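File shown: model.pdb. Contents: PDB, C-alpha atoms.
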```pdb
ATOM      1  CA  MET X1355     107.856  61.051  82.318
ATOM      2  CA  GLU X1356     111.283  62.633  82.013
ATOM      3  CA  VAL X1357     112.310  65.116  84.698
ATOM      4  CA  ILE X1358     113.803  68.343  83.347
ATOM      5  CA  THR X1359     117.065  69.010  85.210
ATOM      6  CA  SER X1360     118.466  71.865  83.129
ATOM      7  CA  VAL X1361     117.494  74.606  80.726
ATOM      8  CA  ILE X1362     118.490  73.904  77.113
ATOM      9  CA  GLY X1363     118.656  77.490  75.897
ATOM     10  CA  ASN X1364     116.682  80.716  75.695
ATOM     11  CA  THR X1365     114.546  82.212  72.949
ATOM     12  CA  HIS X1366     116.296  85.570  73.425
ATOM     13  CA  ASP X1367     119.529  84.015  72.141
ATOM     14  CA  PRO X1368     119.703  84.711  68.369
ATOM     15  CA  GLU X1369     120.891  81.150  67.664
ATOM     16  CA  TRP X1370     117.844  79.686  69.410
ATOM     17  CA  ALA X1371     115.484  82.239  67.892
ATOM     18  CA  ASP X1372     116.655  81.036  64.481
ATOM     19  CA  LYS X1373     116.278  77.340  65.422
ATOM     20  CA  LEU X1374     112.719  77.930  66.634
ATOM     21  CA  LYS X1375     111.579  79.957  63.620
ATOM     22  CA  ASP X1376     109.639  77.036  62.097
ATOM     23  CA  ALA X1377     109.104  75.042  65.283
ATOM     24  CA  HIS X1378     105.854  74.385  67.108
ATOM     25  CA  VAL X1379     106.469  76.257  70.346
ATOM     26  CA  HIS X1380     104.362  75.326  73.343
ATOM     27  CA  SER X1381     104.324  78.107  75.926
ATOM     28  CA  ILE X1382     104.363  77.373  79.624
ATOM     29  CA  PHE X1383     103.181  80.390  81.606
ATOM     30  CA  LEU X1384     104.634  80.686  85.112
ATOM     31  CA  ASP X1385     103.624  83.170  87.748
ATOM     32  CA  GLN X1386     106.334  84.920  89.710
ATOM     33  CA  TRP X1387     105.890  82.561  92.676
ATOM     34  CA  THR X1388     106.628  79.462  90.632
ATOM     35  CA  ALA X1389     109.444  81.110  88.680
ATOM     36  CA  GLN X1390     111.439  81.467  91.916
ATOM     37  CA  LYS X1391     111.383  77.727  92.589
ATOM     38  CA  SER X1392     113.908  75.204  91.368
ATOM     39  CA  ARG X1393     111.352  72.377  91.515
ATOM     40  CA  PHE X1394     107.879  72.635  90.023
ATOM     41  CA  LEU X1395     105.460  70.995  87.625
ATOM     42  CA  ALA X1396     105.211  73.013  84.427
ATOM     43  CA  ILE X1397     102.090  72.562  82.299
ATOM     44  CA  ASP X1398     101.993  73.955  78.788
ATOM     45  CA  GLU X1399      98.999  75.531  77.071
ATOM     46  CA  HIS X1400      97.992  72.104  75.703
ATOM     47  CA  GLY X1401      98.055  70.364  79.081
ATOM     48  CA  HIS X1402     101.389  68.567  78.649
ATOM     49  CA  GLU X1403     103.297  68.228  81.910
ATOM     50  CA  TYR X1404     107.007  68.830  82.451
ATOM     51  CA  PRO X1405     108.354  68.059  85.922
ATOM     52  CA  VAL X1406     111.240  70.458  86.557
ATOM     53  CA  ALA X1407     113.961  69.790  89.136
ATOM     54  CA  LEU X1408     116.846  72.189  88.601
ATOM     55  CA  ALA X1409     120.002  72.237  90.679
ATOM     56  CA  SER X1410     119.653  74.057  93.977
ATOM     57  CA  ARG X1411     119.738  77.865  93.661
ATOM     58  CA  LYS X1412     119.072  77.708  89.917
ATOM     59  CA  HIS X1413     116.091  79.648  88.629
ATOM     60  CA  VAL X1414     114.390  80.052  85.304
ATOM     61  CA  ALA X1415     114.136  83.121  83.100
ATOM     62  CA  ASP X1416     111.587  84.269  80.563
ATOM     63  CA  GLY X1417     112.148  82.443  77.277
ATOM     64  CA  ASP X1418     113.981  79.462  78.780
ATOM     65  CA  ILE X1419     113.619  76.343  76.653
ATOM     66  CA  ILE X1420     113.087  73.188  78.685
ATOM     67  CA  ALA X1421     112.290  70.743  75.868
ATOM     68  CA  TYR X1422     113.353  70.645  72.233
ATOM     69  CA  ASP X1423     113.039  68.066  69.492
ATOM     70  CA  PRO X1424     114.585  69.220  66.199
ATOM     71  CA  GLU X1425     113.147  66.269  64.250
ATOM     72  CA  LYS X1426     109.591  67.020  65.350
ATOM     73  CA  LYS X1427     110.299  70.776  65.247
ATOM     74  CA  PHE X1428     108.939  71.138  68.757
ATOM     75  CA  ALA X1429     109.963  73.217  71.769
ATOM     76  CA  ALA X1430     108.528  73.918  75.219
ATOM     77  CA  VAL X1431     109.294  77.455  76.381
ATOM     78  CA  LEU X1432     108.800  79.108  79.755
ATOM     79  CA  ARG X1433     107.065  82.485  79.839
ATOM     80  CA  LEU X1434     107.262  84.444  83.091
ATOM     81  CA  ASN X1435     104.484  86.710  84.215
ATOM     82  CA  LEU X1436     106.273  89.187  86.491
ATOM     83  CA  SER X1437     104.659  92.156  88.187
ATOM     84  CA  PRO X1438     105.791  95.657  87.295
ATOM     85  CA  VAL X1439     108.418  97.319  89.468
ATOM     86  CA  LEU X1440     108.473 100.876  90.792
ATOM     87  CA  VAL X1441     111.936 102.278  90.078
ATOM     88  CA  VAL X1442     112.893 105.239  92.246
ATOM     89  CA  ASP X1443     115.878 107.163  90.905
ATOM     90  CA  LEU X1444     118.036 108.976  93.443
ATOM     91  CA  ALA X1445     120.743 110.082  90.975
ATOM     92  CA  LYS X1446     119.947 113.782  91.494
ATOM     93  CA  LEU X1447     120.997 113.434  95.138
ATOM     94  CA  LYS X1448     124.637 112.692  94.313
ATOM     95  CA  ASP X1449     125.691 116.332  94.380
ATOM     96  CA  GLN X1450     123.596 117.292  97.407
ATOM     97  CA  PRO X1451     125.115 117.955 100.848
ATOM     98  CA  GLN X1452     125.346 114.844 103.047
ATOM     99  CA  GLU X1453     122.654 116.089 105.418
ATOM    100  CA  GLU X1454     120.229 116.498 102.505
ATOM    101  CA  ILE X1455     121.014 113.019 101.170
ATOM    102  CA  ILE X1456     120.399 111.530 104.619
ATOM    103  CA  ARG X1457     117.119 113.447 105.058
ATOM    104  CA  ILE X1458     115.724 112.480 101.661
ATOM    105  CA  SER X1459     116.866 108.857 102.002
ATOM    106  CA  LEU X1460     115.148 108.584 105.383
ATOM    107  CA  GLU X1461     111.959 110.134 103.997
ATOM    108  CA  LEU X1462     111.946 107.598 101.161
ATOM    109  CA  GLY X1463     112.726 104.775 103.586
ATOM    110  CA  HIS X1464     109.835 105.885 105.766
ATOM    111  CA  ALA X1465     107.428 106.086 102.811
ATOM    112  CA  ILE X1466     108.343 102.616 101.545
ATOM    113  CA  GLY X1467     108.914 101.003 104.941
ATOM    114  CA  ASN X1468     105.648 102.252 106.401
ATOM    115  CA  GLN X1469     103.880 100.319 103.650
ATOM    116  CA  HIS X1470     105.982  97.198 104.346
ATOM    117  CA  TRP X1471     107.065  97.132 100.701
ATOM    118  CA  PRO X1472     110.195  95.099  99.986
ATOM    119  CA  ALA X1473     112.917  96.962  98.107
ATOM    120  CA  VAL X1474     116.273  96.397  96.468
ATOM    121  CA  VAL X1475     118.856  99.192  96.202
ATOM    122  CA  LYS X1476     121.271  99.082  93.261
ATOM    123  CA  GLY X1477     123.505 102.090  92.747
ATOM    124  CA  THR X1478     121.286 105.172  92.795
ATOM    125  CA  LYS X1479     118.054 103.260  92.140
ATOM    126  CA  VAL X1480     115.572 101.670  94.478
ATOM    127  CA  TYR X1481     113.450  98.865  93.032
ATOM    128  CA  VAL X1482     110.078  98.194  94.663
ATOM    129  CA  PRO X1483     107.832  95.378  93.394
ATOM    130  CA  MET X1484     104.201  96.235  92.788
ATOM    131  CA  THR X1485     102.580  94.636  95.813
ATOM    132  CA  VAL X1486      99.372  96.667  95.717
ATOM    133  CA  ASP X1487      97.510  98.514  92.978
ATOM    134  CA  ARG X1488      99.651 100.879  90.901
ATOM    135  CA  LYS X1489      97.393 103.830  91.843
ATOM    136  CA  VAL X1490      97.988 103.150  95.537
ATOM    137  CA  MET X1491     101.763 103.061  95.126
ATOM    138  CA  LEU X1492     101.750 106.276  93.090
ATOM    139  CA  SER X1493      99.481 107.902  95.659
ATOM    140  CA  VAL X1494     101.930 107.053  98.453
ATOM    141  CA  MET X1495     104.845 108.461  96.478
ATOM    142  CA  ASP X1496     102.892 111.581  95.459
ATOM    143  CA  THR X1497     101.658 112.156  99.018
ATOM    144  CA  HIS X1498     105.191 112.110 100.408
ATOM    145  CA  HIS X1499     106.377 114.347  97.552
ATOM    146  CA  ILE X1500     110.056 113.706  98.149
ATOM    147  CA  GLU X1501     112.264 116.297  96.474
ATOM    148  CA  ASP X1502     114.934 115.469  93.900
ATOM    149  CA  ILE X1503     113.780 111.929  93.174
ATOM    150  CA  THR X1504     111.952 110.555  90.162
ATOM    151  CA  TYR X1505     109.991 107.335  89.899
ATOM    152  CA  GLU X1506     108.280 105.254  87.278
ATOM    153  CA  PHE X1507     106.927 101.759  86.769
ATOM    154  CA  VAL X1508     108.775  99.383  84.453
ATOM    155  CA  GLU X1509     108.040  95.802  83.483
ATOM    156  CA  GLY X1510     109.552  93.281  85.879
ATOM    157  CA  SER X1511     111.394  91.555  83.055
ATOM    158  CA  GLU X1512     113.304  94.806  82.351
ATOM    159  CA  VAL X1513     115.011  94.844  85.761
ATOM    160  CA  ILE X1514     115.974  91.161  85.915
ATOM    161  CA  PRO X1515     119.283  91.626  84.002
ATOM    162  CA  TYR X1516     120.500  94.070  86.676
ATOM    163  CA  MET X1517     119.740  91.815  89.626
ATOM    164  CA  ALA X1518     121.538  89.033  91.446
ATOM    165  CA  PRO X1519     119.428  85.903  92.059
ATOM    166  CA  HIS X1520     118.769  86.786  95.717
ATOM    167  CA  GLU X1521     117.611  90.267  94.657
ATOM    168  CA  VAL X1522     115.254  88.788  92.061
ATOM    169  CA  ARG X1523     113.760  86.589  94.786
ATOM    170  CA  ARG X1524     113.355  89.649  97.021
ATOM    171  CA  LEU X1525     111.545  91.549  94.272
ATOM    172  CA  PHE X1526     109.376  88.786  92.880
ATOM    173  CA  GLY X1527     109.344  85.971  95.420
ATOM    174  CA  GLY X1528     106.934  87.812  97.673
ATOM    175  CA  ALA X1529     105.415  90.453  95.428
ATOM    176  CA  GLY X1530     101.673  90.504  95.412
ATOM    177  CA  HIS X1531     101.453  88.395  98.542
ATOM    178  CA  GLU X1532      99.197  89.478 101.355
ATOM    179  CA  SER X1533     102.148  89.501 103.753
ATOM    180  CA  HIS X1534     103.171  92.871 102.335
ATOM    181  CA  SER X1535      99.842  94.570 102.731
ATOM    182  CA  HIS X1536      99.600  96.981 105.596
ATOM    183  CA  VAL X1537      96.514  98.119 107.435
ATOM    184  CA  HIS X1538      96.373 100.879 110.037
TER     185      HIS X1538
END
```

Starting from the file, give its structure as structure tokens.
Amino acid sequence: MEVITSVIGNTHDPEWADKLKDAHVHSIFLDQWTAQKSRFLAIDEHGHEYPVALASRKHVADGDIIAYDPEKKFAAVLRLNLSPVLVVDLAKLKDQPQEEIIRISLELGHAIGNQHWPAVVKGTKVYVPMTVDRKVMLSVMDTHHIEDITYEFVEGSEVIPYMAPHEVRRLFGGAGHESHSHVH
């Protein structure tokens, strides 16, 4: 059995989308835990196995093609199942006095930190993986009712392009794991 050591392409690339138009595409569904690894055994929907051993610090993305045979018109494609992400937008704070920015930032930090939720800050946005039920996360945010911020859930795949690999691991490497639950 051949070990997959690199990704061939991605279905989101127009060139590959065209190549795969008439191909038999076998999907390999990976949870967010496995997607963070560089070594794993991928099994497609038909039970075919693909041992994957990528270079260290390399990770896969949704739509990555790990096997392709143009003569047989066959491809094996990775599909990532990422949890949604709560995106908190702090852009309205930019024009606030420093003291107000500090107060609101600490209130948000308290709300998120008290729940032991991991977070990634990029620019004026805070990204928090869904580690508990959506209703619970919204309840926490609504209860704290922090002024001048907005928040919404987006699909995990939508935030990946804005993240560095270590930030992706922070968002999805531990999301949904019991280690982030918090009981008083």

Exercise: Val1406 in chain X partners within 12 Å, all atoms listed in the file, chain neighbours under 4 positions left out, as a compact mmCIF listing (two decimals) with C-alpha atoms, in the frame of the given file:
```
# COMPACT_ATOMS: atom_id res chain seq x y z
CA MET X 1355 107.86 61.05 82.32
CA GLU X 1356 111.28 62.63 82.01
CA VAL X 1357 112.31 65.12 84.70
CA ILE X 1358 113.80 68.34 83.35
CA THR X 1359 117.06 69.01 85.21
CA SER X 1360 118.47 71.86 83.13
CA VAL X 1361 117.49 74.61 80.73
CA ILE X 1382 104.36 77.37 79.62
CA THR X 1388 106.63 79.46 90.63
CA ALA X 1389 109.44 81.11 88.68
CA LYS X 1391 111.38 77.73 92.59
CA SER X 1392 113.91 75.20 91.37
CA ARG X 1393 111.35 72.38 91.52
CA PHE X 1394 107.88 72.64 90.02
CA LEU X 1395 105.46 71.00 87.62
CA ALA X 1396 105.21 73.01 84.43
CA ILE X 1397 102.09 72.56 82.30
CA SER X 1410 119.65 74.06 93.98
CA LYS X 1412 119.07 77.71 89.92
CA HIS X 1413 116.09 79.65 88.63
CA VAL X 1414 114.39 80.05 85.30
CA ILE X 1419 113.62 76.34 76.65
CA ILE X 1420 113.09 73.19 78.68
CA ALA X 1421 112.29 70.74 75.87
CA LEU X 1432 108.80 79.11 79.76
```

Residues selected by the PyMOL selection byres ((chain X and resi 1479) around 7), written as an mmCIF file with C-alpha atoms, keeping the file's coordinate frame:
```
data_model
loop_
_atom_site.group_PDB
_atom_site.id
_atom_site.type_symbol
_atom_site.label_atom_id
_atom_site.label_comp_id
_atom_site.auth_asym_id
_atom_site.auth_seq_id
_atom_site.Cartn_x
_atom_site.Cartn_y
_atom_site.Cartn_z
ATOM 1 C CA VAL X 1441 111.936 102.278 90.078
ATOM 2 C CA VAL X 1442 112.893 105.239 92.246
ATOM 3 C CA ASP X 1443 115.878 107.163 90.905
ATOM 4 C CA LEU X 1444 118.036 108.976 93.443
ATOM 5 C CA VAL X 1475 118.856 99.192 96.202
ATOM 6 C CA LYS X 1476 121.271 99.082 93.261
ATOM 7 C CA GLY X 1477 123.505 102.090 92.747
ATOM 8 C CA THR X 1478 121.286 105.172 92.795
ATOM 9 C CA VAL X 1480 115.572 101.670 94.478
ATOM 10 C CA TYR X 1481 113.450 98.865 93.032
#
```

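Comparing X:Arg1433, X:His1464, X:His1402, X:Lys1426 by their smallest distance to Thr1365 in chain X, the closest is X:Arg1433 (using only C-alpha atoms).
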
Discussion item. Residues near Pro1483 in chain X, anyone? I mean within 9 Å using only C-alpha atoms, not counting same-chain ones fewer than 6 positions away, as a ChimeraX atom specification.
Written reply: /X:1437-1441,1471-1473,1510,1524-1526,1528-1530

Practice prompt. Skip range 1491-1495 of chain X itself and residues of its chain fewer than 5 positions away, then list as a PyMOL selection string all residues within 9 Å of it, counting all atoms listed in the file.
Written response: chain X and resi 1440+1462+1465-1466+1469+1484-1486+1500+1505-1506

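Separating CA of Pro1515 in chain X from CA of Lys1373 in chain X is a distance of 23.6 Å.
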
Worksheet item: In Å, with one decimal, what is the gap from CA of His1470 in chain X to CA of Phe1383 in chain X?
Response: 28.4 Å

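Minimum distance to Ser1459 in chain X across X:Met1517, X:Ile1503, X:Val1431, X:Val1379 (counting all atoms listed in the file) occurs at X:Ile1503.
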
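Of note, CA of Asp1385 in chain X and CA of Trp1370 in chain X are spaced 23.5 Å apart.
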
Discussion item. Since I can't run it myself right now, could you work out what the PyMOL selection byres ((chain X and resi 1374) around 9) selects here and report it as number ranges by chain?
Written reply: X: 1365, 1369-1373, 1375-1379, 1424, 1427-1429

Item to complete: Determine the residue set returned by the PyMOL selection byres ((chain X and resi 1447) around 10) for the present structure, and present it as a PyMOL selection string.
Response: chain X and resi 1443-1446+1448-1452+1454-1456+1458-1459+1478+1501-1503

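Across X:Val1474, X:Leu1460, X:Val1513, X:Ala1430, the tightest approach to Gly1401 in chain X is made by X:Ala1430 when counting all atoms listed in the file.
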